[in-house]
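Participant: As input, take entry18.txt (compact mmCIF, C-alpha atoms):
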```txt
# COMPACT_ATOMS: atom_id res chain seq x y z
CA MET A 675 108.34 93.84 97.64
CA LYS A 676 106.37 94.94 94.57
CA LEU A 677 108.85 97.80 94.03
CA LEU A 678 111.79 95.40 94.21
CA TYR A 679 110.07 93.19 91.60
CA ILE A 680 109.67 96.22 89.30
CA ILE A 681 113.33 97.13 89.73
CA ALA A 682 114.45 93.57 89.01
CA THR A 683 112.23 93.34 85.92
CA VAL A 684 113.59 96.59 84.50
CA VAL A 685 117.19 95.70 85.31
CA PHE A 686 116.99 92.23 83.79
CA ALA A 687 115.22 93.55 80.69
CA THR A 688 117.81 96.28 80.12
CA SER A 689 120.73 93.94 80.77
CA ALA A 690 119.46 91.42 78.22
CA CYS A 691 119.18 94.14 75.53
CA SER A 692 122.40 95.93 76.37
CA PRO A 693 125.69 95.34 74.63
CA LEU A 694 127.19 95.15 78.12
CA ALA A 695 125.39 91.87 78.68
CA ASP A 696 127.88 90.13 76.40
CA GLU A 697 130.95 91.60 78.09
CA SER A 698 132.57 90.93 81.45
CA ASN A 699 130.35 92.97 83.74
CA SER A 700 130.32 92.82 87.53
CA VAL A 701 126.55 93.42 87.62
CA ILE A 702 126.01 90.30 85.52
CA THR A 703 128.45 88.36 87.71
CA ALA A 704 126.65 89.49 90.90
CA GLN A 705 123.12 88.64 89.71
CA PRO A 706 123.15 84.90 90.56
CA TYR A 707 123.70 85.84 94.22
CA ILE A 708 120.57 88.02 94.42
CA GLY A 709 118.34 86.86 97.26
CA LEU A 710 121.08 85.23 99.33
CA GLN A 711 120.35 86.24 102.93
CA GLU A 712 123.04 86.32 105.59
CA ARG A 713 121.29 83.95 108.01
CA ILE A 714 119.44 81.61 105.67
CA HIS A 715 122.33 81.29 103.19
CA ARG A 716 125.15 81.74 105.69
CA THR A 717 127.17 78.77 104.40
CA GLU A 718 126.98 79.84 100.74
CA LEU A 719 127.85 83.44 101.55
CA ARG A 720 130.71 82.43 103.86
CA GLU A 721 132.17 80.34 101.02
CA LEU A 722 131.88 83.23 98.54
CA LEU A 723 133.03 86.01 100.88
CA ASP A 724 135.59 84.26 103.10
CA VAL A 725 133.92 85.98 106.09
CA ASP A 726 130.94 85.12 108.29
CA PRO A 727 128.14 87.41 107.04
CA VAL A 728 126.32 87.18 110.37
CA ARG A 729 129.30 88.55 112.31
CA THR A 730 130.86 90.90 109.72
CA GLU A 731 129.60 93.90 107.77
CA TRP A 732 130.01 92.26 104.37
CA CYS A 733 129.18 94.74 101.60
CA ALA A 734 132.89 95.28 100.76
CA ALA A 735 133.56 91.53 100.94
CA PHE A 736 130.79 91.02 98.36
CA VAL A 737 132.24 93.63 95.97
CA ASN A 738 135.73 92.14 96.41
CA SER A 739 134.40 88.63 95.70
CA VAL A 740 132.53 89.66 92.55
CA LEU A 741 135.57 91.55 91.25
CA GLU A 742 137.72 88.49 91.97
CA VAL A 743 135.32 86.23 90.01
CA ASP A 744 135.62 88.74 87.13
CA GLY A 745 139.43 88.58 87.32
CA ILE A 746 139.66 92.25 88.36
CA PRO A 747 142.12 93.25 91.07
CA ASN A 748 140.27 93.97 94.29
CA LEU A 749 141.08 95.12 97.81
CA ASN A 750 142.02 91.57 98.84
CA ASP A 751 145.01 91.87 96.48
CA GLN A 752 146.72 94.67 98.43
CA THR A 753 147.75 95.50 101.99
CA LYS A 754 147.53 99.30 102.20
CA TYR A 755 143.76 99.67 102.77
CA PRO A 756 141.47 97.46 104.90
CA PRO A 757 139.68 95.21 102.38
CA LEU A 758 136.48 94.90 104.44
CA MET A 759 135.93 98.65 104.77
CA ALA A 760 133.58 100.08 102.16
CA ARG A 761 135.41 103.41 102.18
CA SER A 762 138.63 101.67 101.17
CA PHE A 763 137.10 101.55 97.69
CA LEU A 764 137.58 105.33 97.55
CA TYR A 765 141.21 104.45 96.71
CA TRP A 766 140.53 101.63 94.26
CA GLY A 767 140.52 102.14 90.50
CA GLU A 768 139.91 105.53 88.93
CA ARG A 769 137.62 108.31 90.11
CA VAL A 770 134.46 108.74 88.03
CA GLU A 771 132.32 111.89 87.83
CA ARG A 772 128.60 111.51 88.60
CA THR A 773 127.77 112.59 85.06
CA ASP A 774 129.90 109.74 83.67
CA ILE A 775 128.60 106.89 85.85
CA GLN A 776 128.20 103.57 84.04
CA ARG A 777 126.69 100.20 84.81
CA GLY A 778 129.13 98.21 86.94
CA ASP A 779 130.90 101.20 88.51
CA VAL A 780 131.63 100.80 92.22
CA VAL A 781 129.72 103.36 94.32
CA VAL A 782 130.55 104.26 97.93
CA PHE A 783 128.00 105.78 100.32
CA PRO A 784 128.30 106.99 103.92
CA ARG A 785 126.76 104.92 106.71
CA GLY A 786 126.45 105.60 110.42
CA ASN A 787 127.96 108.50 112.35
CA LYS A 788 131.63 107.56 112.19
CA GLY A 789 133.87 108.79 109.38
CA TRP A 790 135.18 105.32 108.56
CA GLN A 791 131.75 103.71 108.10
CA GLY A 792 130.29 103.25 104.65
CA HIS A 793 128.47 101.06 102.18
CA VAL A 794 129.60 99.92 98.73
CA GLY A 795 127.89 98.29 95.76
CA PHE A 796 127.64 98.24 91.97
CA TYR A 797 125.76 100.93 90.04
CA VAL A 798 123.07 99.42 87.80
CA ASP A 799 120.79 102.16 86.50
CA THR A 800 119.17 105.53 87.20
CA GLN A 801 115.42 105.84 87.63
CA VAL A 802 113.09 108.70 88.52
CA HIS A 803 110.25 108.07 90.96
CA ASN A 804 107.85 110.81 92.07
CA GLY A 805 110.12 113.39 90.47
CA LYS A 806 113.20 112.24 92.40
CA GLU A 807 116.25 110.64 90.81
CA TYR A 808 117.53 107.39 92.31
CA TRP A 809 120.40 105.10 91.51
CA ILE A 810 119.75 101.38 91.56
CA VAL A 811 122.66 99.69 93.33
CA LEU A 812 123.28 95.95 93.47
CA GLY A 813 125.18 95.00 96.57
CA GLY A 814 125.69 92.70 99.49
CA ASN A 815 124.47 93.39 103.01
CA GLN A 816 121.62 95.53 101.71
CA SER A 817 118.94 94.67 104.29
CA ASN A 818 121.15 91.66 105.20
CA GLU A 819 121.06 90.15 101.71
CA VAL A 820 122.27 90.53 98.14
CA ARG A 821 119.71 92.73 96.42
CA TYR A 822 118.95 95.84 94.41
CA ASP A 823 118.20 99.01 96.38
CA PHE A 824 117.48 102.65 95.58
CA TYR A 825 120.05 105.25 96.66
CA LEU A 826 120.00 109.02 96.25
CA PRO A 827 122.87 110.03 93.94
CA ASN A 828 123.78 113.06 96.06
CA ARG A 829 124.58 110.74 98.98
CA ALA A 830 127.41 109.02 97.08
CA ILE A 831 130.85 109.96 98.37
CA GLY A 832 132.73 108.22 95.58
CA ILE A 833 132.35 106.45 92.26
CA ARG A 834 135.19 104.27 91.04
CA ARG A 835 135.96 102.27 87.92
CA TYR A 836 138.69 99.78 87.15
CA PRO A 837 141.09 101.42 84.68
CA ILE A 838 141.17 100.02 81.17
CA ASN A 839 144.73 101.18 80.45
CA THR A 840 147.06 99.95 83.19
CA ASP A 841 150.15 100.38 80.99
CA SER A 842 150.42 104.08 81.79
CA PRO A 843 153.64 104.84 83.73
CA LYS A 844 151.59 107.11 86.02
CA ARG A 845 149.40 104.25 87.18
CA THR A 846 149.90 101.18 89.28
CA LEU A 847 147.82 98.04 88.87
CA TRP A 848 145.25 99.74 91.13
CA GLY A 849 144.77 102.73 88.85
CA PHE A 850 146.26 105.04 91.47
CA ASN A 851 148.66 107.82 90.77
CA PRO A 852 150.97 107.50 93.79
CA VAL A 853 151.74 111.23 93.79
CA ASP A 854 148.01 112.06 93.99
CA LEU A 855 147.57 109.63 96.88
CA GLU A 856 150.40 111.31 98.74
CA ARG A 857 148.80 114.72 98.22
CA GLN A 858 145.39 113.46 99.39
CA GLY A 859 146.74 111.81 102.51
CA GLU A 860 146.21 108.23 103.55
CA ASN A 861 143.28 108.95 105.89
CA LYS A 862 141.05 110.50 103.25
CA TRP A 863 137.95 108.64 104.43
CA GLU A 864 138.06 110.50 107.73
CA ASP A 865 137.25 113.74 105.87
CA HIS A 866 133.80 112.51 104.79
```
Turn this file's structure into structure tokens for me.

Facilitator:
Amino acid sequence: MKLLYIIATVVFATSACSPLADESNSVITAQPYIGLQERIHRTELRELLDVDPVRTEWCAAFVNSVLEVDGIPNLNDQTKYPPLMARSFLYWGERVERTDIQRGDVVVFPRGNKGWQGHVGFYVDTQVHNGKEYWIVLGGNQSNEVRYDFYLPNRAIGIRRYPINTDSPKRTLWGFNPVDLERQGENKWEDH
């Protein structure tokens, strides 16, 4: 618990001093939900997520809900990929290299032994503890609540960002290049 307090203190301090704090930022939007637990705050979470957090893996629902509050297209706005699957975010927005990760980027991690399982949340910051680099990720269904957690960067299977320029003829509203999606195949998440 002490470690979580340290993370929260650092994150809040950096967000207050950052120019991003004044802009639309999904991390800022998600912060009021920190501490909501799936059983204790079931009603509030069900209202936000449109799913029952006790009966549904809800990390993707949380990311979709925060993006919706920010007015950013999310997986609920399309029919090609299952909106409640974390790995569906591997097809959302634009791909981001690890070296270019920014606060608010959507990060996808593997989970479980099946290729379709995953976890998704918002990148907040990078910290080094005991000589090891960690990413701080704000997400839902992290220990059954909305909270910050440490993740090893090398475990990430995808980093995505909503495209700023959606006027490009090569892009759809989702930031996808349809030709690239065809080349990659629709079942890309099964390769991870």

Participant: Give the answer as one residue: which of A:Gly795, A:Gly813, A:Pro747, A:Pro784 has the shortest atom-to-atom distance to A:Ala830, using only C-alpha atoms?

Facilitator: A:Pro784

Participant: Would you list the contacts of A:Val798 as an NGL selection string, taking every protein, DNA or RNA residue within 9 Å and counting all atoms listed in the file, but skipping same-chain residues closer than 5 positions in sequence?

Facilitator: :A and (685 or 701 or 776-779 or 809-812 or 822)

Participant: In Å, with one decimal, what is the gap from atom CA of A:Gln791 to atom CA of A:Glu718?

Facilitator: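 Here the two named atoms are 25.4 Å from each other.
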
Participant: Env of A:Asn738: 9 Å cut, atoms = only C-alpha atoms, seq-sep filter 6 positions within chain, self excluded. Answer as number ranges by chain.

Facilitator: A: 723, 746-750, 757-758

Participant: Please indicate the distance in Å from atom CA of A:Ala760 to atom CA of A:Val794, rounded to one decimal place.

Facilitator: 5.3 Å
